[in-house]
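Colleague: Got a file for you: work.cif, mmCIF, C-alpha atoms and all ligand atoms.
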data_data
#
loop_
_atom_site.label_atom_id
_atom_site.label_comp_id
_atom_site.auth_asym_id
_atom_site.auth_seq_id
_atom_site.Cartn_x
_atom_site.Cartn_y
_atom_site.Cartn_z
CA MET A 13 18.23 3.98 -13.98
CA THR A 14 17.25 4.00 -10.33
CA LYS A 15 13.49 4.42 -9.92
CA ARG A 16 12.04 6.92 -7.47
CA VAL A 17 9.26 5.62 -5.21
CA ALA A 18 6.59 7.68 -3.45
CA ILE A 19 4.80 5.95 -0.58
CA PHE A 20 1.32 7.04 0.53
CA ILE A 21 0.23 6.31 4.12
CA SER A 22 -2.55 7.22 6.54
CA GLY A 23 -1.39 5.62 9.79
CA GLY A 24 1.48 3.87 11.50
CA GLY A 25 3.35 3.10 8.33
CA SER A 26 4.83 -0.26 9.24
CA ASN A 27 4.66 -1.40 5.61
CA MET A 28 6.22 1.89 4.56
CA VAL A 29 9.14 1.29 6.93
CA LYS A 30 9.70 -2.17 5.45
CA LEU A 31 9.68 -0.68 1.95
CA LEU A 32 12.14 2.05 2.98
CA GLU A 33 14.43 -0.50 4.61
CA SER A 34 14.36 -2.66 1.49
CA MET A 35 15.44 0.09 -0.91
CA THR A 36 19.18 0.04 -0.22
CA ALA A 37 22.32 -1.42 -1.77
CA ASP A 38 21.67 -2.88 -5.23
CA HIS A 39 17.89 -2.44 -5.04
CA PRO A 40 16.80 -0.75 -8.28
CA ALA A 41 14.71 1.91 -6.51
CA ARG A 42 15.00 4.55 -3.80
CA PRO A 43 12.27 6.32 -1.80
CA CYS A 44 11.74 9.96 -2.79
CA VAL A 45 8.79 11.03 -0.59
CA VAL A 46 6.24 9.76 1.93
CA LEU A 47 2.84 11.44 1.69
CA SER A 48 -0.03 11.28 4.14
CA ASN A 49 -3.59 12.62 4.14
CA ASN A 50 -3.40 12.49 7.94
CA PRO A 51 -1.03 14.99 9.61
CA ARG A 52 -1.00 12.83 12.76
CA ALA A 53 0.03 9.65 10.95
CA ALA A 54 2.80 8.12 13.07
CA GLY A 55 4.49 6.99 9.89
CA LEU A 56 5.44 10.57 9.01
CA GLU A 57 7.91 10.75 11.91
CA ARG A 58 9.23 7.31 11.07
CA ALA A 59 9.94 8.47 7.51
CA GLU A 60 11.59 11.69 8.68
CA ALA A 61 13.74 9.73 11.15
CA ARG A 62 15.01 7.79 8.15
CA GLY A 63 15.79 10.93 6.18
CA VAL A 64 12.91 10.63 3.72
CA PRO A 65 11.03 13.83 2.79
CA THR A 66 7.37 13.94 3.80
CA GLU A 67 4.32 15.76 2.51
CA VAL A 68 0.88 16.14 4.09
CA VAL A 69 -2.26 16.79 2.07
CA ARG A 70 -5.23 16.79 4.42
CA HIS A 71 -8.42 15.58 2.80
CA GLN A 72 -10.89 17.38 5.12
CA PRO A 73 -10.54 20.89 3.61
CA PHE A 74 -11.58 19.49 0.24
CA GLY A 75 -14.81 17.94 1.53
CA LYS A 76 -16.40 15.91 -1.25
CA ASP A 77 -14.21 17.50 -3.94
CA ARG A 78 -11.98 14.52 -4.64
CA ASP A 79 -10.62 16.08 -7.82
CA ALA A 80 -9.25 19.03 -5.87
CA PHE A 81 -7.78 16.71 -3.20
CA GLU A 82 -6.08 14.63 -5.85
CA HIS A 83 -4.86 17.72 -7.66
CA ALA A 84 -3.23 18.83 -4.41
CA ILE A 85 -1.58 15.42 -4.05
CA THR A 86 -0.22 15.67 -7.58
CA GLY A 87 1.20 19.09 -6.74
CA ALA A 88 2.77 17.85 -3.51
CA ILE A 89 4.56 14.91 -5.07
CA SER A 90 5.57 16.53 -8.34
CA GLU A 91 8.76 18.18 -7.04
CA HIS A 92 9.88 14.75 -5.78
CA ALA A 93 9.45 13.33 -9.30
CA PRO A 94 8.33 9.78 -8.43
CA ASP A 95 8.32 7.02 -11.04
CA ILE A 96 6.23 4.65 -8.92
CA ILE A 97 3.62 5.12 -6.16
CA CYS A 98 3.15 2.53 -3.42
CA LEU A 99 -0.04 2.80 -1.40
CA ALA A 100 0.76 1.42 2.05
CA GLY A 101 -2.25 1.77 4.33
CA PHE A 102 -3.47 4.86 2.47
CA MET A 103 -7.13 4.94 3.47
CA ARG A 104 -8.59 7.31 0.87
CA LYS A 105 -10.17 6.11 -2.35
CA LEU A 106 -8.50 7.53 -5.45
CA THR A 107 -10.57 8.28 -8.55
CA ALA A 108 -9.80 7.46 -12.16
CA GLY A 109 -8.63 11.03 -12.64
CA PHE A 110 -5.63 10.30 -10.42
CA VAL A 111 -5.23 6.58 -11.01
CA ASP A 112 -5.36 6.45 -14.81
CA PRO A 113 -2.18 8.49 -15.43
CA TRP A 114 -0.39 6.17 -12.97
CA ARG A 115 -1.63 2.91 -14.50
CA GLY A 116 1.10 0.30 -14.41
CA ARG A 117 3.12 2.45 -12.00
CA MET A 118 1.04 2.32 -8.79
CA LEU A 119 0.84 -0.58 -6.31
CA ASN A 120 -1.34 -1.25 -3.27
CA ILE A 121 -1.25 -3.72 -0.41
CA HIS A 122 -4.54 -5.09 0.85
CA PRO A 123 -5.10 -7.34 3.88
CA SER A 124 -6.97 -10.18 2.20
CA LEU A 125 -6.50 -12.79 -0.50
CA LEU A 126 -8.08 -10.77 -3.29
CA PRO A 127 -10.49 -11.01 -5.01
CA LYS A 128 -12.00 -12.02 -1.65
CA TYR A 129 -12.85 -9.29 0.85
CA LYS A 130 -12.32 -6.03 -0.96
CA GLY A 131 -12.86 -2.98 1.25
CA LEU A 132 -12.68 -2.72 5.03
CA HIS A 133 -12.80 -5.08 8.04
CA THR A 134 -11.23 -7.95 6.14
CA HIS A 135 -10.10 -9.91 9.22
CA ARG A 136 -13.55 -9.80 10.82
CA ARG A 137 -15.17 -10.91 7.57
CA VAL A 138 -12.76 -13.85 7.25
CA LEU A 139 -13.62 -14.97 10.80
CA ASP A 140 -17.35 -14.52 10.22
CA ALA A 141 -17.13 -16.63 7.07
CA GLY A 142 -15.20 -19.39 8.85
CA ASP A 143 -12.40 -19.37 6.26
CA ALA A 144 -9.39 -21.57 6.94
CA LEU A 145 -7.05 -19.43 4.84
CA HIS A 146 -6.41 -15.70 4.86
CA GLY A 147 -3.57 -13.44 3.82
CA CYS A 148 -2.63 -10.33 1.90
CA THR A 149 -2.25 -9.18 -1.68
CA VAL A 150 -0.12 -6.67 -3.56
CA HIS A 151 -1.74 -5.54 -6.78
CA GLU A 152 -1.55 -2.85 -9.42
CA VAL A 153 -4.02 -0.06 -8.78
CA THR A 154 -6.91 0.55 -11.15
CA PRO A 155 -9.87 2.86 -10.59
CA ALA A 156 -11.98 0.01 -9.12
CA LEU A 157 -11.39 -0.46 -5.38
CA ASP A 158 -8.91 -3.20 -4.44
CA ASP A 159 -8.94 -4.47 -8.01
CA GLY A 160 -6.25 -4.58 -10.66
CA PRO A 161 -3.69 -7.20 -11.66
CA ILE A 162 -2.42 -9.27 -8.73
CA LEU A 163 1.37 -9.24 -8.36
CA GLY A 164 1.71 -11.31 -5.22
CA GLN A 165 -0.03 -12.93 -2.29
CA ALA A 166 1.05 -14.27 1.09
CA GLN A 167 -1.03 -16.77 3.00
CA VAL A 168 -1.93 -17.07 6.68
CA LEU A 169 -3.69 -20.03 8.27
CA VAL A 170 -6.69 -19.08 10.40
CA LEU A 171 -6.44 -20.72 13.83
CA PRO A 172 -9.44 -21.91 15.87
CA ASP A 173 -9.04 -19.30 18.62
CA ASP A 174 -8.07 -16.40 16.36
CA THR A 175 -9.49 -12.96 17.07
CA GLU A 176 -9.56 -10.04 14.68
CA ASP A 177 -6.43 -8.67 16.36
CA SER A 178 -4.43 -11.90 16.39
CA LEU A 179 -5.25 -12.52 12.76
CA ALA A 180 -4.40 -8.94 11.77
CA ALA A 181 -1.03 -9.24 13.51
CA ARG A 182 -0.10 -12.42 11.62
CA VAL A 183 -1.27 -10.99 8.31
CA LEU A 184 0.83 -7.88 8.93
CA VAL A 185 3.94 -10.04 9.36
CA GLN A 186 3.25 -11.48 5.94
CA GLU A 187 2.58 -8.02 4.48
CA HIS A 188 6.06 -6.99 5.61
CA ARG A 189 7.57 -9.89 3.66
CA LEU A 190 5.37 -9.57 0.61
CA TYR A 191 5.45 -5.87 -0.24
CA PRO A 192 9.25 -5.45 -0.44
CA THR A 193 9.52 -8.69 -2.42
CA VAL A 194 6.92 -7.60 -4.95
CA LEU A 195 8.20 -4.03 -5.25
CA GLU A 196 11.74 -5.13 -6.07
CA ARG A 197 10.54 -7.59 -8.71
CA PHE A 198 8.15 -4.99 -10.13
CA VAL A 199 10.89 -2.37 -10.47
CA ARG A 200 13.01 -4.95 -12.29
CA GLY A 201 10.12 -5.44 -14.72
CA ASP A 202 8.99 -8.83 -13.38
CA ARG A 203 5.20 -8.90 -13.01
CA ARG A 204 4.79 -12.64 -12.52
CA GLN A 205 2.74 -13.45 -9.44
CA VAL A 206 4.57 -14.32 -6.23
CA LEU A 207 3.05 -16.66 -3.64
CA LEU A 208 4.52 -16.67 -0.13
CA THR A 209 3.37 -19.26 2.39
C1 LIG B 301 -2.14 -2.73 6.47
O1 LIG B 301 -2.66 -3.89 7.06
C2 LIG B 301 -2.64 -2.60 5.04
O2 LIG B 301 -2.77 -3.82 4.37
C3 LIG B 301 -3.98 -1.96 5.27
O3 LIG B 301 -3.76 -1.00 6.28
C4 LIG B 301 -2.71 -1.48 7.12
C5 LIG B 301 -1.68 -0.37 7.26
O4 LIG B 301 -0.72 -0.71 8.23
N1 LIG B 301 -4.49 -1.38 4.06
C6 LIG B 301 -5.77 -1.36 3.73
O5 LIG B 301 -6.64 -1.83 4.43
C7 LIG B 301 -6.07 -0.69 2.42
N2 LIG B 301 -7.38 -1.02 1.98
P1 LIG B 301 0.65 0.07 8.29
O6 LIG B 301 0.30 1.56 8.33
O7 LIG B 301 1.27 -0.38 9.59
O8 LIG B 301 1.45 -0.30 7.09
#
Give the structure from the file, written as structure tokens.
Modeller:
Amino acid sequence: MTKRVAIFISGGGSNMVKLLESMTADHPARPCVVLSNNPRAAGLERAEARGVPTEVVRHQPFGKDRDAFEHAITGAISEHAPDIICLAGFMRKLTAGFVDPWRGRMLNIHPSLLPKYKGLHTHRRVLDAGDALHGCTVHEVTPALDDGPILGQAQVLVLPDDTEDSLAARVLVQEHRLYPTVLERFVRGDRRQVLLT
């Protein structure tokens, strides 16, 4: 049975586009909806241009009431009946109330070689630490931030004159390879870790 994939974004959605482009032909999944907390996310137009339904659930009206925000997300995606959620640059934390029912069915991409550099500003922190190796990770989502079983990683060498921007750009290229690779394997039931170099 073809699986239905919801993709959550907050910004440009370049990873989302790569996921959409991958789900064709004999791929075992198809996109069913792209959801954003940010009505101005450029990725919304990119999804619509590709014929994928979009939903917006702004977080601001809910203030600190994360339960109500997450309840609204559940309502927005329910008519699209997703089997799997892919977080792709979705910049809101999700609580256990939302995450637990999706355990084993929700993925996230993070711009570091987890477990190093959970949270924000990963590229700057790699440069500050003087690391020689950086990269990105796709993992299953659990209630702890940027935690959960690792499904795949892609490496990037840090160069002597790298800036935050140059490093981010090379990591993003690897993200675009890694996420579609991991998603397809995941949908086929293969949870062995992938390492791309
Ligand atoms: C990506 O680099 C992704 O790894 C990162 O946001 C960017 C979204 O870019 N996600 C996180 O930092 C989540 N903690 P995109 O909108 O072009 O895919």
Colleague: So, with only C-alpha atoms and all ligand atoms as the atoms that count, which of A:Leu190, A:Ala61, A:Leu139, A:Leu163 lies closest to ligand LIG 301 (chain B)?
Modeller: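 Among A:Leu190, A:Ala61, A:Leu139, A:Leu163, it is A:Leu190 that comes nearest to ligand LIG 301 (chain B).
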Colleague: With all atoms listed in the file counted, which protein, DNA or RNA residues have an atom no more than 10 Å from (-14.9, 2.2, -13.6) in the file frame? Please answer as a list in words.
Modeller: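 The distance filter leaves exactly Thr107, Ala108, Thr154, Pro155, Ala156 and Leu157 of chain A.
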Colleague: Could you produce a table of the residues of chain A lying within 6 Å of ligand LIG 301 (chain B), with the nearest pair of atoms per residue and their separation in Å rounded to one decimal, using all atoms listed in the file, ordered by chain and increasing residue number, as a tab-separated table?
Modeller:
residue	atom	partner	partner_atom	distance
A:Gly23	CA	B:LIG301	O6	4.6
A:Gly24	CA	B:LIG301	O6	4.1
A:Gly25	CA	B:LIG301	O6	3.4
A:Ser26	CA	B:LIG301	O7	3.6
A:Asn27	CA	B:LIG301	O8	3.7
A:Met28	CA	B:LIG301	O8	5.8
A:Ala100	CA	B:LIG301	O8	5.4
A:Gly101	CA	B:LIG301	C5	3.7
A:Met103	CA	B:LIG301	C7	5.8
A:Ile121	CA	B:LIG301	O2	5.0
A:His122	CA	B:LIG301	O2	4.1
A:Pro123	CA	B:LIG301	O2	4.2
A:Gly131	CA	B:LIG301	N2	5.9
A:Leu184	CA	B:LIG301	O1	5.6
Colleague: Would you work out the distance separating CA of Glu91 in chain A from CA of Trp114 in chain A, expressed in Å to one decimal?
Modeller: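 Spanning CA of Glu91 in chain A to CA of Trp114 in chain A is a straight-line distance of 16.2 Å.
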Colleague: Name the closest residue to Val64 in chain A among the candidates A:Gly142, A:Gly87, A:Gly109, A:Pro43; distances are taken between atoms, counting all atoms listed in the file.
Modeller: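 Closest residue, counting all atoms listed in the file: A:Pro43.
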Colleague: List every protein, DNA or RNA residue with an atom no more than 12 Å from (4.5, 7.9, 11.7) in the file's coordinates, counting only C-alpha atoms, and format the result as an NGL selection string.
Modeller: :A and (20-29 or 46-48 or 50-62 or 64 or 66 or 68 or 101)
Colleague: Can you tell me how far CA of Glu196 in chain A sits from CA of His83 in chain A, in Å to one decimal?
Modeller: 28.3 Å
Colleague: So how far away is CA of Val111 in chain A from CA of Phe81 in chain A, in Å?
Modeller: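 If I compute the distance from CA of Phe81 in chain A to CA of Val111 in chain A, I get 13.0 Å.
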Colleague: Please provide as a compact mmCIF listing (two decimals) with C-alpha atoms, in the coordinates of the input all residues within 10 Å of Thr86 in chain A, with the sequence filter that same-chain residues fewer than 6 positions apart are discarded (counting only C-alpha atoms).
Modeller:
# COMPACT_ATOMS: atom_id res chain seq x y z
CA VAL A 69 -2.26 16.79 2.07
CA ALA A 80 -9.25 19.03 -5.87
CA PHE A 110 -5.63 10.30 -10.42
Colleague: Compare A:Leu195, A:Met35, A:Ala180, A:Ile97 by their minimum atom-to-atom distance to Arg115 in chain A, counting only C-alpha atoms, and give me the closest one.
Modeller: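 Residue with the minimum atom-to-atom distance to Arg115 in chain A: A:Ile97.
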Colleague: Can you pull out every residue within 10 Å of Arg182 in chain A, counting all atoms listed in the file, but drop anything in the same chain fewer than 3 positions away, and send it as a list of chain:residue names?
Modeller: A:His146, A:Gly147, A:Gln167, A:Val168, A:Leu169, A:Val170, A:Asp177, A:Ser178, A:Leu179, A:Val185, A:Gln186, A:Glu187
Colleague: Name the closest residue to Arg137 in chain A among the candidates A:Ser124, A:Gln165, A:Gln72, A:Asn49; distances are taken between atoms, counting only C-alpha atoms.
Modeller: A:Ser124
Colleague: Calculated over only C-alpha atoms, which of the candidates A:Leu31, A:Cys148, A:Ala141, A:Ala88 has the smallest distance to Thr193 in chain A?
Modeller: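 Among A:Leu31, A:Cys148, A:Ala141, A:Ala88, it is A:Leu31 that comes nearest to Thr193 in chain A.
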Colleague: Which residues are near Leu119 in chain A? Cut-off 6 Å, all atoms listed in the file, ignore same chain within fewer than 2 positions. Put them as a ChimeraX atom specification.
Modeller: /A:98,151-153
Colleague: Please determine, counting all atoms listed in the file, which residue among A:Thr134, A:Thr36, A:Thr175, A:Asn120 has the shortest atom-to-atom distance to Ala18 in chain A.
Modeller: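 Comparing A:Thr134, A:Thr36, A:Thr175, A:Asn120 against Ala18 in chain A, the winner is A:Asn120.
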Colleague: Complete range 34-45 of chain A at the level of all heavy atoms, written as a PDB file, keeping the file's coordinate frame.
Modeller:
ATOM      1  N   SER A  34      13.970  -1.748   2.581  1.00  0.00           N
ATOM      2  CA  SER A  34      14.360  -2.660   1.490  1.00  0.00           C
ATOM      3  C   SER A  34      15.117  -1.937   0.376  1.00  0.00           C
ATOM      4  O   SER A  34      15.894  -2.545  -0.359  1.00  0.00           O
ATOM      5  CB  SER A  34      13.117  -3.349   0.904  1.00  0.00           C
ATOM      6  OG  SER A  34      12.361  -2.434   0.118  1.00  0.00           O
ATOM      7  N   MET A  35      14.888  -0.631   0.249  1.00  0.00           N
ATOM      8  CA  MET A  35      15.440   0.090  -0.910  1.00  0.00           C
ATOM      9  C   MET A  35      16.844   0.610  -0.614  1.00  0.00           C
ATOM     10  O   MET A  35      17.082   1.810  -0.508  1.00  0.00           O
ATOM     11  CB  MET A  35      14.506   1.231  -1.309  1.00  0.00           C
ATOM     12  CG  MET A  35      13.264   0.737  -2.015  1.00  0.00           C
ATOM     13  SD  MET A  35      12.219   2.077  -2.621  1.00  0.00           S
ATOM     14  CE  MET A  35      11.089   2.252  -1.263  1.00  0.00           C
ATOM     15  N   THR A  36      17.777  -0.321  -0.463  1.00  0.00           N
ATOM     16  CA  THR A  36      19.180   0.040  -0.220  1.00  0.00           C
ATOM     17  C   THR A  36      20.030  -0.817  -1.154  1.00  0.00           C
ATOM     18  O   THR A  36      19.518  -1.654  -1.903  1.00  0.00           O
ATOM     19  CB  THR A  36      19.568  -0.256   1.247  1.00  0.00           C
ATOM     20  OG1 THR A  36      19.385  -1.654   1.484  1.00  0.00           O
ATOM     21  CG2 THR A  36      18.741   0.550   2.222  1.00  0.00           C
ATOM     22  N   ALA A  37      21.335  -0.600  -1.049  1.00  0.00           N
ATOM     23  CA  ALA A  37      22.320  -1.420  -1.770  1.00  0.00           C
ATOM     24  C   ALA A  37      21.975  -1.526  -3.257  1.00  0.00           C
ATOM     25  O   ALA A  37      21.727  -0.514  -3.903  1.00  0.00           O
ATOM     26  CB  ALA A  37      22.433  -2.795  -1.107  1.00  0.00           C
ATOM     27  N   ASP A  38      21.872  -2.759  -3.784  1.00  0.00           N
ATOM     28  CA  ASP A  38      21.670  -2.880  -5.230  1.00  0.00           C
ATOM     29  C   ASP A  38      20.196  -2.920  -5.629  1.00  0.00           C
ATOM     30  O   ASP A  38      19.856  -3.266  -6.763  1.00  0.00           O
ATOM     31  CB  ASP A  38      22.409  -4.103  -5.785  1.00  0.00           C
ATOM     32  CG  ASP A  38      21.874  -5.399  -5.201  1.00  0.00           C
ATOM     33  OD1 ASP A  38      21.029  -5.333  -4.258  1.00  0.00           O
ATOM     34  OD2 ASP A  38      22.283  -6.474  -5.665  1.00  0.00           O
ATOM     35  N   HIS A  39      19.329  -2.553  -4.694  1.00  0.00           N
ATOM     36  CA  HIS A  39      17.890  -2.440  -5.040  1.00  0.00           C
ATOM     37  C   HIS A  39      17.738  -1.403  -6.146  1.00  0.00           C
ATOM     38  O   HIS A  39      18.378  -0.345  -6.098  1.00  0.00           O
ATOM     39  CB  HIS A  39      17.112  -2.018  -3.801  1.00  0.00           C
ATOM     40  CG  HIS A  39      15.622  -2.192  -3.913  1.00  0.00           C
ATOM     41  ND1 HIS A  39      14.842  -1.419  -4.745  1.00  0.00           N
ATOM     42  CD2 HIS A  39      14.787  -3.060  -3.297  1.00  0.00           C
ATOM     43  CE1 HIS A  39      13.576  -1.803  -4.632  1.00  0.00           C
ATOM     44  NE2 HIS A  39      13.520  -2.801  -3.761  1.00  0.00           N
ATOM     45  N   PRO A  40      16.888  -1.665  -7.144  1.00  0.00           N
ATOM     46  CA  PRO A  40      16.800  -0.750  -8.280  1.00  0.00           C
ATOM     47  C   PRO A  40      15.946   0.501  -8.033  1.00  0.00           C
ATOM     48  O   PRO A  40      15.666   1.237  -8.981  1.00  0.00           O
ATOM     49  CB  PRO A  40      16.163  -1.629  -9.366  1.00  0.00           C
ATOM     50  CG  PRO A  40      15.360  -2.630  -8.604  1.00  0.00           C
ATOM     51  CD  PRO A  40      16.090  -2.887  -7.327  1.00  0.00           C
ATOM     52  N   ALA A  41      15.518   0.726  -6.790  1.00  0.00           N
ATOM     53  CA  ALA A  41      14.710   1.910  -6.510  1.00  0.00           C
ATOM     54  C   ALA A  41      15.141   2.554  -5.188  1.00  0.00           C
ATOM     55  O   ALA A  41      15.799   1.916  -4.363  1.00  0.00           O
ATOM     56  CB  ALA A  41      13.229   1.532  -6.415  1.00  0.00           C
ATOM     57  N   ARG A  42      14.755   3.819  -5.046  1.00  0.00           N
ATOM     58  CA  ARG A  42      15.000   4.550  -3.800  1.00  0.00           C
ATOM     59  C   ARG A  42      13.730   5.337  -3.459  1.00  0.00           C
ATOM     60  O   ARG A  42      13.029   5.811  -4.375  1.00  0.00           O
ATOM     61  CB  ARG A  42      16.155   5.541  -3.960  1.00  0.00           C
ATOM     62  CG  ARG A  42      17.527   4.879  -4.083  1.00  0.00           C
ATOM     63  CD  ARG A  42      17.960   4.227  -2.776  1.00  0.00           C
ATOM     64  NE  ARG A  42      19.295   3.644  -2.833  1.00  0.00           N
ATOM     65  CZ  ARG A  42      19.578   2.399  -3.227  1.00  0.00           C
ATOM     66  NH1 ARG A  42      18.607   1.608  -3.655  1.00  0.00           N
ATOM     67  NH2 ARG A  42      20.816   1.952  -3.220  1.00  0.00           N
ATOM     68  N   PRO A  43      13.448   5.513  -2.165  1.00  0.00           N
ATOM     69  CA  PRO A  43      12.270   6.320  -1.800  1.00  0.00           C
ATOM     70  C   PRO A  43      12.554   7.794  -2.085  1.00  0.00           C
ATOM     71  O   PRO A  43      13.692   8.261  -1.874  1.00  0.00           O
ATOM     72  CB  PRO A  43      12.150   6.092  -0.283  1.00  0.00           C
ATOM     73  CG  PRO A  43      13.517   5.692   0.170  1.00  0.00           C
ATOM     74  CD  PRO A  43      14.164   4.987  -0.996  1.00  0.00           C
ATOM     75  N   CYS A  44      11.535   8.524  -2.559  1.00  0.00           N
ATOM     76  CA  CYS A  44      11.740   9.960  -2.790  1.00  0.00           C
ATOM     77  C   CYS A  44      10.829  10.804  -1.900  1.00  0.00           C
ATOM     78  O   CYS A  44      11.157  11.951  -1.610  1.00  0.00           O
ATOM     79  CB  CYS A  44      11.551  10.319  -4.261  1.00  0.00           C
ATOM     80  SG  CYS A  44       9.907  10.049  -4.918  1.00  0.00           S
ATOM     81  N   VAL A  45       9.688  10.261  -1.459  1.00  0.00           N
ATOM     82  CA  VAL A  45       8.790  11.030  -0.590  1.00  0.00           C
ATOM     83  C   VAL A  45       7.778  10.077   0.056  1.00  0.00           C
ATOM     84  O   VAL A  45       7.415   9.043  -0.526  1.00  0.00           O
ATOM     85  CB  VAL A  45       8.041  12.128  -1.389  1.00  0.00           C
ATOM     86  CG1 VAL A  45       7.092  11.545  -2.422  1.00  0.00           C
ATOM     87  CG2 VAL A  45       7.295  13.090  -0.462  1.00  0.00           C
TER      88      VAL A  45
END
